[in-house]
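See below for coords_30.txt, which holds compact mmCIF, C-alpha atoms.
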# COMPACT_ATOMS: atom_id res chain seq x y z
CA MET A 1 27.50 5.29 35.62
CA LYS A 2 28.35 8.59 33.99
CA LYS A 3 30.23 9.75 37.08
CA THR A 4 32.22 6.50 37.22
CA PHE A 5 33.18 6.85 33.56
CA LEU A 6 34.17 10.47 34.10
CA ILE A 7 36.42 9.65 37.05
CA ALA A 8 38.06 6.85 35.07
CA LEU A 9 38.68 9.09 32.06
CA VAL A 10 40.05 12.02 34.03
CA SER A 11 42.30 9.63 35.93
CA LEU A 12 43.60 8.35 32.59
CA LEU A 13 44.33 11.88 31.46
CA ALA A 14 45.97 12.61 34.80
CA THR A 15 48.19 9.58 34.28
CA GLN A 16 49.39 11.24 31.09
CA VAL A 17 50.09 14.46 33.00
CA MET A 18 51.96 12.66 35.76
CA ALA A 19 53.80 10.61 33.13
CA GLN A 20 55.33 13.92 32.17
CA GLY A 21 56.35 14.35 35.78
CA GLY A 22 54.00 17.25 36.29
CA ASN A 23 56.27 19.06 33.85
CA GLU A 24 53.75 19.52 31.05
CA THR A 25 54.58 22.30 28.61
CA GLN A 26 52.32 25.32 28.81
CA GLY A 27 51.27 28.26 26.75
CA ALA A 28 49.37 27.76 23.52
CA ARG A 29 52.52 28.47 21.53
CA ALA A 30 54.25 25.41 22.98
CA ASN A 31 51.10 23.30 22.63
CA ALA A 32 50.81 24.22 18.93
CA LEU A 33 54.38 22.96 18.44
CA ALA A 34 53.41 19.60 20.00
CA GLY A 35 55.33 20.49 23.15
CA ALA A 36 58.72 20.96 21.45
CA SER A 37 59.46 23.96 23.64
CA LEU A 38 62.98 23.59 25.09
CA THR A 39 64.46 26.48 23.11
CA LEU A 40 61.51 28.91 23.18
CA GLN A 41 62.42 32.22 24.77
CA ASP A 42 59.21 33.73 26.10
CA GLY A 43 57.28 34.30 29.31
CA TRP A 44 56.59 30.57 29.71
CA ALA A 45 60.28 29.75 30.13
CA ALA A 46 59.89 28.43 33.70
CA ASN A 47 57.34 25.91 32.40
CA ASN A 48 59.27 24.68 29.41
CA ASN A 49 63.01 25.09 30.16
CA VAL A 50 64.18 27.16 33.10
CA ALA A 51 67.52 27.86 31.37
CA THR A 52 65.83 30.13 28.81
CA LEU A 53 64.91 32.49 31.66
CA GLY A 54 68.47 33.75 31.44
CA LEU A 55 67.77 35.30 28.03
CA ILE A 56 64.68 37.24 29.11
CA ASP A 57 65.28 40.94 29.70
CA GLU A 58 61.68 42.06 30.27
CA PHE A 59 59.04 41.40 32.89
CA ASN A 60 56.50 38.90 31.58
CA ILE A 61 53.14 37.79 32.92
CA GLY A 62 50.92 35.17 31.31
CA ALA A 63 47.79 33.10 31.80
CA ALA A 64 46.69 30.01 29.88
CA TYR A 65 43.94 27.44 29.79
CA GLU A 66 43.87 24.09 28.01
CA SER A 67 40.63 22.19 27.53
CA ARG A 68 41.71 18.59 27.19
CA PHE A 69 39.32 16.66 24.98
CA PHE A 70 36.65 19.28 25.74
CA LEU A 71 36.05 17.91 29.23
CA PRO A 72 35.66 20.65 31.89
CA GLU A 73 36.90 18.14 34.46
CA ALA A 74 40.15 17.73 32.50
CA GLY A 75 41.03 21.40 32.18
CA LEU A 76 44.53 22.68 32.87
CA GLY A 77 44.89 26.31 33.99
CA SER A 78 48.25 28.03 34.38
CA VAL A 79 49.83 31.33 35.29
CA ALA A 80 53.44 32.41 34.79
CA LEU A 81 55.69 35.29 35.78
CA ALA A 82 59.22 36.04 34.61
CA ALA A 83 61.30 38.93 35.96
CA PRO A 84 64.93 40.07 35.45
CA LEU A 85 66.94 39.74 38.65
CA ALA A 86 70.63 39.90 39.58
CA GLY A 87 72.11 39.24 36.17
CA GLY A 88 69.57 36.53 35.36
CA SER A 89 65.82 36.12 35.65
CA ILE A 90 63.43 34.43 38.06
CA GLY A 91 60.31 32.57 37.06
CA ILE A 92 57.21 31.69 39.06
CA ILE A 93 54.57 29.28 37.78
CA GLY A 94 51.28 27.83 39.00
CA HIS A 95 49.25 24.95 37.52
CA ASN A 96 45.87 23.50 38.40
CA TYR A 97 44.48 20.38 36.71
CA GLY A 98 41.32 18.38 37.26
CA TYR A 99 38.14 18.87 39.30
CA GLY A 100 36.77 18.24 42.80
CA GLY A 101 37.21 14.45 42.70
CA PHE A 102 40.71 14.52 41.27
CA ASN A 103 42.99 17.55 41.41
CA GLN A 104 46.67 18.20 40.73
CA ASN A 105 48.57 21.37 41.55
CA ARG A 106 52.07 22.58 40.82
CA ILE A 107 53.89 25.67 42.07
CA GLY A 108 57.42 26.39 40.88
CA LEU A 109 60.18 28.90 41.51
CA GLY A 110 63.16 28.98 39.14
CA TYR A 111 66.22 31.03 38.28
CA GLY A 112 68.04 31.14 34.95
CA ARG A 113 71.22 32.97 34.03
CA LYS A 114 73.19 33.60 30.87
CA LEU A 115 76.75 32.59 31.80
CA SER A 116 78.33 33.49 28.46
CA ASP A 117 77.35 34.53 24.96
CA TYR A 118 76.70 30.87 24.17
CA PHE A 119 75.62 29.16 27.39
CA SER A 120 72.67 29.57 29.80
CA LEU A 121 71.83 27.49 32.86
CA GLY A 122 68.76 27.30 35.08
CA VAL A 123 67.49 25.49 38.19
CA GLN A 124 64.01 25.23 39.64
CA LEU A 125 62.12 23.76 42.59
CA ASP A 126 58.51 22.59 42.20
CA TYR A 127 55.90 21.71 44.79
CA LEU A 128 53.60 18.98 43.42
CA GLN A 129 50.33 18.04 45.11
CA THR A 130 47.64 15.53 44.14
CA GLN A 131 44.21 15.20 45.76
CA LEU A 132 42.21 12.06 44.96
CA GLY A 133 38.75 12.15 46.53
CA ASP A 134 38.05 11.91 50.25
CA VAL A 135 39.26 8.33 50.65
CA TYR A 136 42.78 8.47 49.25
CA GLY A 137 43.50 11.98 50.46
CA SER A 138 46.39 14.17 49.39
CA ARG A 139 50.02 13.46 48.46
CA SER A 140 52.76 16.03 47.84
CA ASN A 141 56.49 16.48 47.48
CA ILE A 142 59.16 18.87 46.19
CA VAL A 143 61.15 18.08 43.06
CA ALA A 144 63.98 19.79 41.19
CA GLU A 145 64.56 20.73 37.56
CA ILE A 146 67.81 21.56 35.75
CA GLY A 147 68.02 23.07 32.27
CA MET A 148 70.69 24.28 29.89
CA LEU A 149 70.69 26.18 26.61
CA ILE A 150 73.53 26.49 24.09
CA THR A 151 73.21 29.26 21.51
CA VAL A 152 75.52 28.02 18.77
CA ASN A 153 74.86 30.96 16.46
CA GLU A 154 71.96 33.11 15.27
CA LYS A 155 70.38 30.12 13.53
CA VAL A 156 71.07 27.15 15.81
CA SER A 157 70.25 26.56 19.48
CA LEU A 158 70.56 23.33 21.49
CA ALA A 159 68.99 22.55 24.86
CA ALA A 160 68.63 19.87 27.53
CA HIS A 161 66.40 19.56 30.58
CA VAL A 162 66.07 17.07 33.43
CA PHE A 163 62.97 16.88 35.61
CA ASN A 164 63.19 15.21 39.02
CA PRO A 165 66.76 13.86 38.76
CA THR A 166 66.56 12.50 42.32
CA GLN A 167 63.42 10.39 41.63
CA ALA A 168 61.56 11.90 44.57
CA ARG A 169 59.01 9.62 46.22
CA PHE A 170 55.31 10.50 45.93
CA ALA A 171 53.93 7.87 48.30
CA ASP A 172 55.40 5.23 50.60
CA TYR A 173 52.95 2.59 49.39
CA ASP A 174 54.57 0.46 46.67
CA ASP A 175 57.48 2.95 46.64
CA GLU A 176 55.57 5.23 44.26
CA ARG A 177 57.88 7.84 42.77
CA ILE A 178 57.37 10.94 40.66
CA PRO A 179 58.57 10.14 37.12
CA THR A 180 61.98 11.37 36.00
CA SER A 181 62.29 12.70 32.46
CA LEU A 182 65.10 13.84 30.17
CA ARG A 183 64.51 16.13 27.21
CA ILE A 184 67.06 17.04 24.53
CA GLY A 185 66.24 19.31 21.64
CA GLY A 186 67.25 21.94 19.15
CA GLN A 187 66.06 24.88 17.11
CA TYR A 188 66.98 26.00 13.61
CA ARG A 189 66.05 29.35 12.07
CA PHE A 190 65.79 29.17 8.31
CA SER A 191 65.13 32.92 8.22
CA ASP A 192 63.59 35.68 10.30
CA LYS A 193 60.18 34.26 9.41
CA VAL A 194 60.62 30.46 9.65
CA MET A 195 61.78 28.42 12.65
CA ALA A 196 61.87 24.65 13.18
CA VAL A 197 62.14 22.85 16.53
CA MET A 198 62.67 19.20 17.45
CA GLU A 199 62.87 17.45 20.80
CA LEU A 200 63.48 13.96 22.21
CA ASP A 201 61.49 13.38 25.40
CA LYS A 202 62.25 10.25 27.44
CA ASP A 203 60.30 9.51 30.59
CA ILE A 204 61.95 6.84 32.71
CA ASP A 205 58.80 4.67 32.53
CA LEU A 206 57.61 5.41 28.99
CA PRO A 207 58.78 5.02 25.37
CA LEU A 208 60.71 7.78 23.66
CA ASN A 209 58.52 10.64 22.43
CA ILE A 210 59.81 12.61 19.42
CA LYS A 211 58.25 16.06 19.16
CA SER A 212 58.69 18.51 16.31
CA GLY A 213 57.21 21.80 15.21
CA LEU A 214 57.36 24.58 12.64
CA GLU A 215 56.61 28.27 13.23
CA TYR A 216 55.98 30.67 10.32
CA ASN A 217 55.62 34.44 10.56
CA PRO A 218 54.02 35.47 7.20
CA VAL A 219 53.43 39.08 8.28
CA GLU A 220 54.71 40.87 11.36
CA PRO A 221 51.83 40.37 13.86
CA ILE A 222 50.76 36.85 12.77
CA PHE A 223 52.33 33.44 13.51
CA ILE A 224 51.24 30.06 12.12
CA ARG A 225 52.38 26.88 13.87
CA LEU A 226 52.29 23.13 13.21
CA GLY A 227 53.47 20.25 15.39
CA PHE A 228 53.63 16.47 15.63
CA ALA A 229 54.45 14.05 18.48
CA THR A 230 55.13 10.36 17.97
CA ALA A 231 54.19 8.92 21.38
CA GLN A 232 50.44 9.24 20.78
CA GLN A 233 50.73 10.24 17.11
CA SER A 234 49.19 13.59 17.94
CA VAL A 235 48.99 16.49 15.50
CA ALA A 236 48.94 20.13 16.61
CA PHE A 237 48.08 23.45 15.00
CA GLY A 238 48.00 27.01 16.27
CA LEU A 239 47.96 30.74 15.59
CA GLY A 240 49.69 33.59 17.37
CA TYR A 241 49.34 37.36 17.39
CA ARG A 242 51.89 39.88 18.64
CA TRP A 243 51.00 43.54 19.07
CA GLN A 244 53.62 45.63 20.82
CA SER A 245 53.84 44.16 24.34
CA VAL A 246 50.75 41.95 24.11
CA SER A 247 50.68 38.37 22.84
CA ALA A 248 47.73 36.05 22.21
CA ASP A 249 47.98 32.41 21.10
CA VAL A 250 45.54 29.60 20.38
CA SER A 251 46.20 25.92 19.77
CA ALA A 252 44.39 22.75 18.76
CA ASN A 253 45.64 19.18 19.21
CA TRP A 254 44.34 15.92 17.82
CA ASN A 255 45.02 12.67 19.68
CA GLN A 256 44.04 9.67 17.61
CA ILE A 257 42.78 7.83 20.70
CA LEU A 258 41.09 10.54 22.78
CA GLY A 259 40.26 13.25 20.24
CA PHE A 260 40.60 17.05 20.25
CA SER A 261 42.05 19.45 22.80
CA SER A 262 42.26 23.21 22.55
CA GLY A 263 44.19 25.92 24.35
CA VAL A 264 44.53 29.66 24.67
CA SER A 265 47.11 31.88 26.34
CA LEU A 266 47.66 35.58 26.85
CA GLY A 267 50.88 37.35 27.72
CA TYR A 268 52.11 40.84 28.50
CA ALA A 269 55.71 42.10 28.58
CA PHE A 270 56.78 45.35 30.19
CA GLY A 271 59.82 47.12 31.57
CA SER A 272 63.36 45.97 30.88
CA ARG A 273 66.53 44.94 32.62
CA LYS A 274 68.51 47.87 33.99
CA LYS A 275 71.75 48.23 32.08
CA LYS A 276 74.99 48.73 33.97
CA GLU A 277 76.50 52.13 33.31
Kindly transcribe the structure held in the file into structure tokens.
Amino acid sequence: MKKTFLIALVSLLATQVMAQGGNETQGARANALAGASLTLQDGWAANNNVATLGLIDEFNIGAAYESRFFLPEAGLGSVALAAPLAGGSIGIIGHNYGYGGFNQNRIGLGYGRKLSDYFSLGVQLDYLQTQLGDVYGSRSNIVAEIGMLITVNEKVSLAAHVFNPTQARFADYDDERIPTSLRIGGQYRFSDKVMAVMELDKDIDLPLNIKSGLEYNPVEPIFIRLGFATAQQSVAFGLGYRWQSVSADVSANWNQILGFSSGVSLGYAFGSRKKKE
């Protein structure tokens, strides 16, 4: 009985993940902002908006883990790498969600480039794979992502991102397709210490989700974050710490239906882009 309930619950959570097209935001910073991450310029760029890779001038590596509703079987682990290359930056990501009876994996390779002082563009290919027990077996496919970022001025940034624009098929049975999603958002900096973000997230099969967040830097190494998402009326909170090249972030999310989730991520930046002489 317990095992049956567990499989049903994890499958429900997995439906939420797949409803995002496998394109769930990652890094505790993004989670603490309720997923409003389109304009964030950090080592998790390839997870949240590949276009922001074009603004990264350092090598970044990161690892994260999210405990969804405190169920080990519903954990999401991720790794990310961003590296300057040929006038832009490449990003490599890896996700693993679930447990032995139900498992989802994602591997992505993206490239973002700053095309002008105001405009950045990025593209990415992802390999998605789902394993459901021994009976249903494994399904996989490759999907594309396209992102853009407009830096209006020092205070305002606008962004857009499309996941799976071709509506790639996941299984022949019942013409099952990987969800397509469109995200449009913006960022406003009130000062060097306060930043607000907002994002409209529309999955082709789901209602519009409005996500918003606020990040406050009271003293140099500490960040405080709050977020809210309308789709499941979830509230998020988080803390961040920056010390030289090392970053550490934690997040907590409350879903009024399923309860608490928590996350943690670590990042390290090193080196820099070689400047043309």
* Point-to-point distance in Å for atom CA of A:Tyr99 and atom CA of A:Ala30 -> 23.8 Å
* Skipping near chain neighbours, those fewer than 4 positions away, what residues fall within 8 Å of A:Ala248 using all atoms listed in the file, listed as a ChimeraX atom specification? -> /A:240-242,264-267
* To do: In Å, rounded to a single decimal, give me how far atom CA of A:Leu226 is from atom CA of A:Leu33.
  =>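 Value for the atom CA of A:Leu33-atom CA of A:Leu226 distance: 5.6 Å.
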* From A:Gln104, A:Gln232, A:Asn49, A:Ser247, residue lying nearest A:Gln131 [only C-alpha atoms] -> A:Gln104
* Asked: Nearest to A:Phe260 among A:Tyr127, A:Trp243, A:Phe119, A:Phe237, with distances taken over all atoms listed in the file: which residue is it?
  ->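 The shortest atom-to-atom distance to A:Phe260 comes from A:Phe237.
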